[in-house]
file entry_36.cif (mmCIF, C-alpha atoms)
data_my_file
loop_
_atom_site.group_PDB
_atom_site.id
_atom_site.type_symbol
_atom_site.label_atom_id
_atom_site.label_comp_id
_atom_site.auth_asym_id
_atom_site.auth_seq_id
_atom_site.Cartn_x
_atom_site.Cartn_y
_atom_site.Cartn_z
ATOM 1 C CA MET A 1 0.000 0.000 0.000
ATOM 2 C CA THR A 2 1.018 3.544 -0.640
ATOM 3 C CA ASP A 3 -0.004 6.739 1.138
ATOM 4 C CA LEU A 4 -0.699 8.321 -2.247
ATOM 5 C CA ALA A 5 -4.374 9.259 -2.514
ATOM 6 C CA PRO A 6 -6.576 11.948 -4.061
ATOM 7 C CA ALA A 7 -7.022 15.134 -1.999
ATOM 8 C CA SER A 8 -9.295 14.900 1.050
ATOM 9 C CA LEU A 9 -11.981 17.567 0.882
ATOM 10 C CA PRO A 10 -14.888 18.890 2.927
ATOM 11 C CA ALA A 11 -18.524 18.237 1.985
ATOM 12 C CA PRO A 12 -19.726 20.245 -1.063
ATOM 13 C CA PRO A 13 -20.367 22.903 -2.094
ATOM 14 C CA TYR A 14 -16.863 24.163 -2.785
ATOM 15 C CA TYR A 15 -15.048 25.173 -5.986
ATOM 16 C CA ALA A 16 -12.633 23.426 -8.337
ATOM 17 C CA VAL A 17 -10.259 25.016 -10.834
ATOM 18 C CA VAL A 18 -9.413 22.521 -13.580
ATOM 19 C CA PHE A 19 -6.175 23.422 -15.387
ATOM 20 C CA ALA A 20 -5.436 21.149 -18.371
ATOM 21 C CA SER A 21 -2.243 21.849 -20.291
ATOM 22 C CA VAL A 22 0.247 20.636 -22.859
ATOM 23 C CA ARG A 23 3.860 21.582 -22.141
ATOM 24 C CA THR A 24 6.388 22.961 -24.574
ATOM 25 C CA ALA A 25 9.652 21.006 -25.005
ATOM 26 C CA GLY A 26 12.358 21.370 -22.344
ATOM 27 C CA ASP A 27 12.087 22.397 -18.686
ATOM 28 C CA ASN A 28 13.013 26.119 -18.966
ATOM 29 C CA GLY A 29 12.741 26.513 -15.195
ATOM 30 C CA TYR A 30 9.256 25.034 -15.118
ATOM 31 C CA GLY A 31 9.762 22.349 -12.472
ATOM 32 C CA GLU A 32 11.127 24.684 -9.816
ATOM 33 C CA THR A 33 8.511 27.365 -10.477
ATOM 34 C CA ALA A 34 5.640 24.865 -10.446
ATOM 35 C CA GLU A 35 6.712 23.756 -6.986
ATOM 36 C CA GLN A 36 6.956 27.359 -5.717
ATOM 37 C CA MET A 37 3.554 28.130 -7.200
ATOM 38 C CA LEU A 38 1.973 25.164 -5.446
ATOM 39 C CA LYS A 39 3.412 26.259 -2.082
ATOM 40 C CA LEU A 40 2.150 29.790 -2.668
ATOM 41 C CA ALA A 41 -1.339 28.531 -3.611
ATOM 42 C CA ALA A 42 -1.497 26.294 -0.540
ATOM 43 C CA ALA A 43 -0.798 29.346 1.657
ATOM 44 C CA GLN A 44 -3.770 31.335 0.294
ATOM 45 C CA PRO A 45 -7.010 31.798 2.254
ATOM 46 C CA GLY A 46 -9.658 29.321 1.128
ATOM 47 C CA PHE A 47 -7.260 26.785 -0.430
ATOM 48 C CA LEU A 48 -8.580 23.263 0.234
ATOM 49 C CA GLY A 49 -6.278 20.936 -1.702
ATOM 50 C CA VAL A 50 -4.888 19.953 -5.085
ATOM 51 C CA ASP A 51 -4.520 16.902 -7.329
ATOM 52 C CA SER A 52 -2.077 16.901 -10.213
ATOM 53 C CA ALA A 53 -0.994 14.434 -12.894
ATOM 54 C CA ARG A 54 0.968 14.634 -16.145
ATOM 55 C CA GLY A 55 0.968 11.672 -18.486
ATOM 56 C CA ALA A 56 3.762 10.390 -20.699
ATOM 57 C CA ASP A 57 2.019 11.964 -23.728
ATOM 58 C CA GLY A 58 2.570 15.462 -22.262
ATOM 59 C CA LEU A 59 -1.011 16.312 -21.254
ATOM 60 C CA GLY A 60 -1.262 17.433 -17.644
ATOM 61 C CA ILE A 61 -4.236 18.106 -15.391
ATOM 62 C CA THR A 62 -4.107 20.029 -12.117
ATOM 63 C CA VAL A 63 -7.306 20.427 -10.124
ATOM 64 C CA SER A 64 -7.114 22.858 -7.198
ATOM 65 C CA TYR A 65 -9.948 23.127 -4.707
ATOM 66 C CA TRP A 66 -11.168 26.295 -3.037
ATOM 67 C CA ARG A 67 -13.730 27.267 -0.425
ATOM 68 C CA ASP A 68 -15.563 29.748 -2.674
ATOM 69 C CA ALA A 69 -15.357 31.885 -5.815
ATOM 70 C CA ASP A 70 -13.870 34.815 -3.850
ATOM 71 C CA SER A 71 -10.848 32.708 -2.822
ATOM 72 C CA ILE A 72 -10.247 31.865 -6.487
ATOM 73 C CA ALA A 73 -10.573 35.498 -7.559
ATOM 74 C CA ALA A 74 -8.073 36.587 -4.867
ATOM 75 C CA TRP A 75 -5.588 33.916 -6.010
ATOM 76 C CA ARG A 76 -6.070 34.904 -9.657
ATOM 77 C CA ASP A 77 -5.252 38.528 -8.749
ATOM 78 C CA HIS A 78 -2.241 37.646 -6.560
ATOM 79 C CA ALA A 79 0.726 39.569 -8.020
ATOM 80 C CA GLU A 80 3.250 36.733 -7.993
ATOM 81 C CA HIS A 81 0.721 34.298 -9.453
ATOM 82 C CA ALA A 82 -0.141 36.719 -12.266
ATOM 83 C CA LEU A 83 3.567 37.064 -13.112
ATOM 84 C CA ILE A 84 4.030 33.298 -13.223
ATOM 85 C CA CYS A 85 0.946 32.909 -15.431
ATOM 86 C CA ALA A 86 2.400 35.374 -17.923
ATOM 87 C CA ARG A 87 5.652 33.398 -17.963
ATOM 88 C CA GLY A 88 3.614 30.241 -18.553
ATOM 89 C CA ARG A 89 2.068 31.708 -21.683
ATOM 90 C CA GLU A 90 5.466 32.867 -22.909
ATOM 91 C CA HIS A 91 7.527 29.755 -22.272
ATOM 92 C CA TRP A 92 5.954 26.679 -20.760
ATOM 93 C CA TYR A 93 2.667 25.848 -22.400
ATOM 94 C CA ALA A 94 1.737 24.933 -25.964
ATOM 95 C CA SER A 95 -1.913 25.183 -24.913
ATOM 96 C CA PHE A 96 -4.040 25.160 -21.808
ATOM 97 C CA THR A 97 -7.620 25.482 -20.606
ATOM 98 C CA VAL A 98 -8.826 26.790 -17.253
ATOM 99 C CA GLN A 99 -12.283 25.963 -15.964
ATOM 100 C CA VAL A 100 -13.823 27.261 -12.779
ATOM 101 C CA ALA A 101 -16.546 24.962 -11.473
ATOM 102 C CA LYS A 102 -18.770 24.660 -8.442
ATOM 103 C CA VAL A 103 -18.616 21.153 -6.956
ATOM 104 C CA GLU A 104 -22.159 20.044 -6.179
ATOM 105 C CA ARG A 105 -21.645 16.365 -5.289
ATOM 106 C CA ALA A 106 -18.664 14.284 -4.285
ATOM 107 C CA TYR A 107 -17.950 10.759 -3.147
ATOM 108 C CA GLY A 108 -14.950 8.534 -2.768
ATOM 109 C CA PHE A 109 -13.635 5.038 -2.246
ATOM 110 C CA SER A 110 -10.656 3.805 -0.314
ATOM 111 C CA ARG A 111 -9.564 0.171 -0.304
ATOM 112 C CA PRO A 112 -9.295 -1.408 3.135
ATOM 113 C CA ALA A 113 -5.615 -1.587 4.098
ATOM 114 C CA ASP A 114 -5.600 -5.417 4.317
ATOM 115 C CA LEU A 115 -6.559 -5.987 0.664
ATOM 116 C CA MET B 1 4.286 21.184 -32.558
ATOM 117 C CA THR B 2 1.925 18.406 -31.588
ATOM 118 C CA ASP B 3 -1.810 18.090 -32.133
ATOM 119 C CA LEU B 4 -2.192 17.153 -28.470
ATOM 120 C CA ALA B 5 -4.375 19.718 -26.686
ATOM 121 C CA PRO B 6 -6.946 19.876 -23.901
ATOM 122 C CA ALA B 7 -10.563 19.128 -24.901
ATOM 123 C CA SER B 8 -12.389 21.834 -26.912
ATOM 124 C CA LEU B 9 -15.626 22.740 -25.188
ATOM 125 C CA PRO B 10 -18.661 24.975 -25.711
ATOM 126 C CA ALA B 11 -19.235 28.150 -23.685
ATOM 127 C CA PRO B 12 -20.279 27.505 -20.044
ATOM 128 C CA PRO B 13 -22.416 26.504 -18.291
ATOM 129 C CA TYR B 14 -21.813 22.752 -18.646
ATOM 130 C CA TYR B 15 -20.783 20.051 -16.212
ATOM 131 C CA ALA B 16 -17.488 18.375 -15.337
ATOM 132 C CA VAL B 17 -16.957 15.053 -13.584
ATOM 133 C CA VAL B 18 -13.529 14.963 -11.947
ATOM 134 C CA PHE B 19 -12.331 11.406 -11.299
ATOM 135 C CA ALA B 20 -9.035 11.255 -9.353
ATOM 136 C CA SER B 21 -7.647 7.806 -8.617
ATOM 137 C CA VAL B 22 -4.692 5.764 -7.450
ATOM 138 C CA ARG B 23 -4.306 2.408 -9.224
ATOM 139 C CA THR B 24 -3.569 -0.938 -7.626
ATOM 140 C CA ALA B 25 -0.448 -2.797 -8.842
ATOM 141 C CA GLY B 26 -0.640 -4.661 -12.179
ATOM 142 C CA ASP B 27 -2.944 -4.150 -15.137
ATOM 143 C CA ASN B 28 -5.624 -6.828 -14.428
ATOM 144 C CA GLY B 29 -7.423 -5.975 -17.666
ATOM 145 C CA TYR B 30 -7.605 -2.290 -16.785
ATOM 146 C CA GLY B 31 -6.098 -0.791 -19.936
ATOM 147 C CA GLU B 32 -8.467 -2.532 -22.317
ATOM 148 C CA THR B 33 -11.542 -1.812 -20.190
ATOM 149 C CA ALA B 34 -10.605 1.844 -19.713
ATOM 150 C CA GLU B 35 -10.491 2.249 -23.490
ATOM 151 C CA GLN B 36 -13.896 0.522 -23.939
ATOM 152 C CA MET B 37 -15.358 2.700 -21.194
ATOM 153 C CA LEU B 38 -14.135 5.871 -22.861
ATOM 154 C CA LYS B 39 -15.697 4.841 -26.197
ATOM 155 C CA LEU B 40 -18.964 4.029 -24.420
ATOM 156 C CA ALA B 41 -18.971 7.386 -22.592
ATOM 157 C CA ALA B 42 -18.265 9.278 -25.809
ATOM 158 C CA ALA B 43 -21.354 7.686 -27.380
ATOM 159 C CA GLN B 44 -23.724 8.893 -24.625
ATOM 160 C CA PRO B 45 -26.127 11.811 -25.136
ATOM 161 C CA GLY B 46 -24.701 15.015 -23.682
ATOM 162 C CA PHE B 47 -21.033 13.913 -23.721
ATOM 163 C CA LEU B 48 -18.839 16.921 -24.606
ATOM 164 C CA GLY B 49 -15.254 15.704 -24.191
ATOM 165 C CA VAL B 50 -12.647 14.294 -21.840
ATOM 166 C CA ASP B 51 -9.123 14.994 -20.608
ATOM 167 C CA SER B 52 -7.079 12.311 -18.884
ATOM 168 C CA ALA B 53 -3.597 12.041 -17.389
ATOM 169 C CA ARG B 54 -1.802 9.582 -15.122
ATOM 170 C CA GLY B 55 1.539 10.547 -13.621
ATOM 171 C CA ALA B 56 4.552 8.350 -12.933
ATOM 172 C CA ASP B 57 3.611 8.360 -9.218
ATOM 173 C CA GLY B 58 0.378 6.484 -9.981
ATOM 174 C CA LEU B 59 -2.143 9.300 -9.399
ATOM 175 C CA GLY B 60 -4.492 9.744 -12.331
ATOM 176 C CA ILE B 61 -7.081 12.393 -13.148
ATOM 177 C CA THR B 62 -9.836 12.055 -15.745
ATOM 178 C CA VAL B 63 -12.172 14.983 -16.302
ATOM 179 C CA SER B 64 -15.204 14.256 -18.486
ATOM 180 C CA TYR B 65 -17.474 17.059 -19.659
ATOM 181 C CA TRP B 66 -21.239 16.875 -20.028
ATOM 182 C CA ARG B 67 -24.037 19.123 -21.259
ATOM 183 C CA ASP B 68 -26.033 18.939 -18.032
ATOM 184 C CA ALA B 69 -26.628 17.037 -14.779
ATOM 185 C CA ASP B 70 -29.190 14.761 -16.456
ATOM 186 C CA SER B 71 -26.588 13.491 -18.945
ATOM 187 C CA ILE B 72 -24.309 12.603 -16.034
ATOM 188 C CA ALA B 73 -27.104 10.839 -14.139
ATOM 189 C CA ALA B 74 -27.987 8.794 -17.242
ATOM 190 C CA TRP B 75 -24.349 7.757 -17.698
ATOM 191 C CA ARG B 76 -24.049 6.883 -13.996
ATOM 192 C CA ASP B 77 -27.089 4.602 -14.322
ATOM 193 C CA HIS B 78 -25.926 2.989 -17.586
ATOM 194 C CA ALA B 79 -25.822 -0.793 -16.914
ATOM 195 C CA GLU B 80 -22.429 -1.480 -18.476
ATOM 196 C CA HIS B 81 -20.882 1.523 -16.789
ATOM 197 C CA ALA B 82 -22.222 0.440 -13.385
ATOM 198 C CA LEU B 83 -20.716 -3.034 -13.882
ATOM 199 C CA ILE B 84 -17.327 -1.590 -14.787
ATOM 200 C CA CYS B 85 -17.430 0.730 -11.753
ATOM 201 C CA ALA B 86 -18.027 -2.266 -9.477
ATOM 202 C CA ARG B 87 -15.047 -4.043 -11.067
ATOM 203 C CA GLY B 88 -13.004 -0.886 -10.472
ATOM 204 C CA ARG B 89 -13.705 -1.000 -6.755
ATOM 205 C CA GLU B 90 -12.856 -4.703 -6.630
ATOM 206 C CA HIS B 91 -9.662 -4.749 -8.634
ATOM 207 C CA TRP B 92 -8.261 -1.580 -10.106
ATOM 208 C CA TYR B 93 -8.273 1.235 -7.599
ATOM 209 C CA ALA B 94 -6.576 1.700 -4.248
ATOM 210 C CA SER B 95 -8.644 4.873 -3.831
ATOM 211 C CA PHE B 96 -10.597 7.341 -5.875
ATOM 212 C CA THR B 97 -12.749 10.442 -5.593
ATOM 213 C CA VAL B 98 -15.539 11.561 -7.914
ATOM 214 C CA GLN B 99 -16.685 15.164 -8.003
ATOM 215 C CA VAL B 100 -19.568 16.512 -10.045
ATOM 216 C CA ALA B 101 -19.191 20.219 -10.723
ATOM 217 C CA LYS B 102 -20.937 22.903 -12.740
ATOM 218 C CA VAL B 103 -18.473 24.831 -14.906
ATOM 219 C CA GLU B 104 -19.240 28.532 -14.561
ATOM 220 C CA ARG B 105 -16.261 30.115 -16.348
ATOM 221 C CA ALA B 106 -13.683 28.860 -18.802
ATOM 222 C CA TYR B 107 -10.832 30.250 -20.860
ATOM 223 C CA GLY B 108 -7.912 28.906 -22.773
ATOM 224 C CA PHE B 109 -4.636 29.644 -24.477
ATOM 225 C CA SER B 110 -3.082 28.191 -27.583
ATOM 226 C CA ARG B 111 0.413 29.087 -28.784
ATOM 227 C CA PRO B 112 0.630 30.389 -32.338
ATOM 228 C CA ALA B 113 1.933 27.600 -34.560
ATOM 229 C CA ASP B 114 5.082 29.546 -35.559
ATOM 230 C CA LEU B 115 6.468 29.852 -32.004
#
call {"tool": "encode", "arguments": {"input": "entry_36.cif", "output": "structure tokens"}}
result
Amino acid sequence: MTDLAPASLPAPPYYAVVFASVRTAGDNGYGETAEQMLKLAAAQPGFLGVDSARGADGLGITVSYWRDADSIAAWRDHAEHALICARGREHWYASFTVQVAKVERAYGFSRPADL
Amino acid sequence: MTDLAPASLPAPPYYAVVFASVRTAGDNGYGETAEQMLKLAAAQPGFLGVDSARGADGLGITVSYWRDADSIAAWRDHAEHALICARGREHWYASFTVQVAKVERAYGFSRPADL
């Protein structure tokens, strides 16, 4: 068994920001900045958690969870975040989509540890 | 440049189902079934698109997009889908979360082909 698991979240409603992206070739400082950005996001008011995966084909999905739409708006307007987003458009991403969604229902499953 | 890109979607509102999961060890018929399941989903009324990624650490995220909550309910109740979900709990997943969310805002970016 591993401790790896999807983010634990409160009961809905809360908000999700779905960021799907395709990277450009090469790192260009991406890895380090992505880590900094995640730490910065996690320190914002209303941040609830994040799940992130990038497949071998280059498509990545990061879903961050937030208490409400105001928390997302504050994070969007955060100066350092805005700067990093601009750099993302310039250097790191071939394409991306951002979707802001209100989570209405949620459920989960966790295998008993002895299986 | 690659043709790989996040799913193209209509203007909001529409719905997203975020499925985040950690796999058990071994394939156990997962790969083939996952592909069948995706084809079956894509043939349902109200299906808009899907993005999927699984990282080297084993965490995977699949986001499927739907016209409305009714389309999602119909797919949830689809007999073959329900069977495959039960098999997922038995064999394929150490843990997963499912979140049904209404997409309120969306935007995207695509790099000009000459960059």
call {"tool": "resolve_selection", "arguments": {"input": "entry_36.cif", "expression": "the PyMOL selection byres ((chain A) within 9 of (chain B))", "output": "PyMOL selection string"}}
result
chain A and resi 1-2+4-8+15-16+18+20-22+24+51-63+89-90+93-112
call {"tool": "atom_distance", "arguments": {"input": "entry_36.cif", "atom1": "CA of Trp66 (chain B)", "atom2": "CA of Glu80 (chain B)"}}
result
18.5 Å
call {"tool": "atom_distance", "arguments": {"input": "entry_36.cif", "atom1": "CA of Ser71 (chain A)", "atom2": "CA of Arg67 (chain B)"}}
result
26.4 Å
call {"tool": "atom_distance", "arguments": {"input": "entry_36.cif", "atom1": "CA of Ala82 (chain A)", "atom2": "CA of Asp68 (chain A)"}}
result
19.5 Å
call {"tool": "resolve_selection", "arguments": {"input": "entry_36.cif", "expression": "the PyMOL selection byres ((chain A and resi 29-46) around 9)", "output": "PyMOL selection string"}}
result
chain A and resi 26-28+47-50+64-68+70-72+74-75+80-81+84+88+91-92
call {"tool": "axis_aligned_box", "arguments": {"input": "entry_36.cif", "around": "region 5-22 of chain A", "padding_each_side": "5 Å", "output": "AutoDock Vina command-line options"}}
result
--center_x -10.1 --center_y 17.2 --center_z -10.0 --size_x 30.6 --size_y 25.9 --size_z 35.8
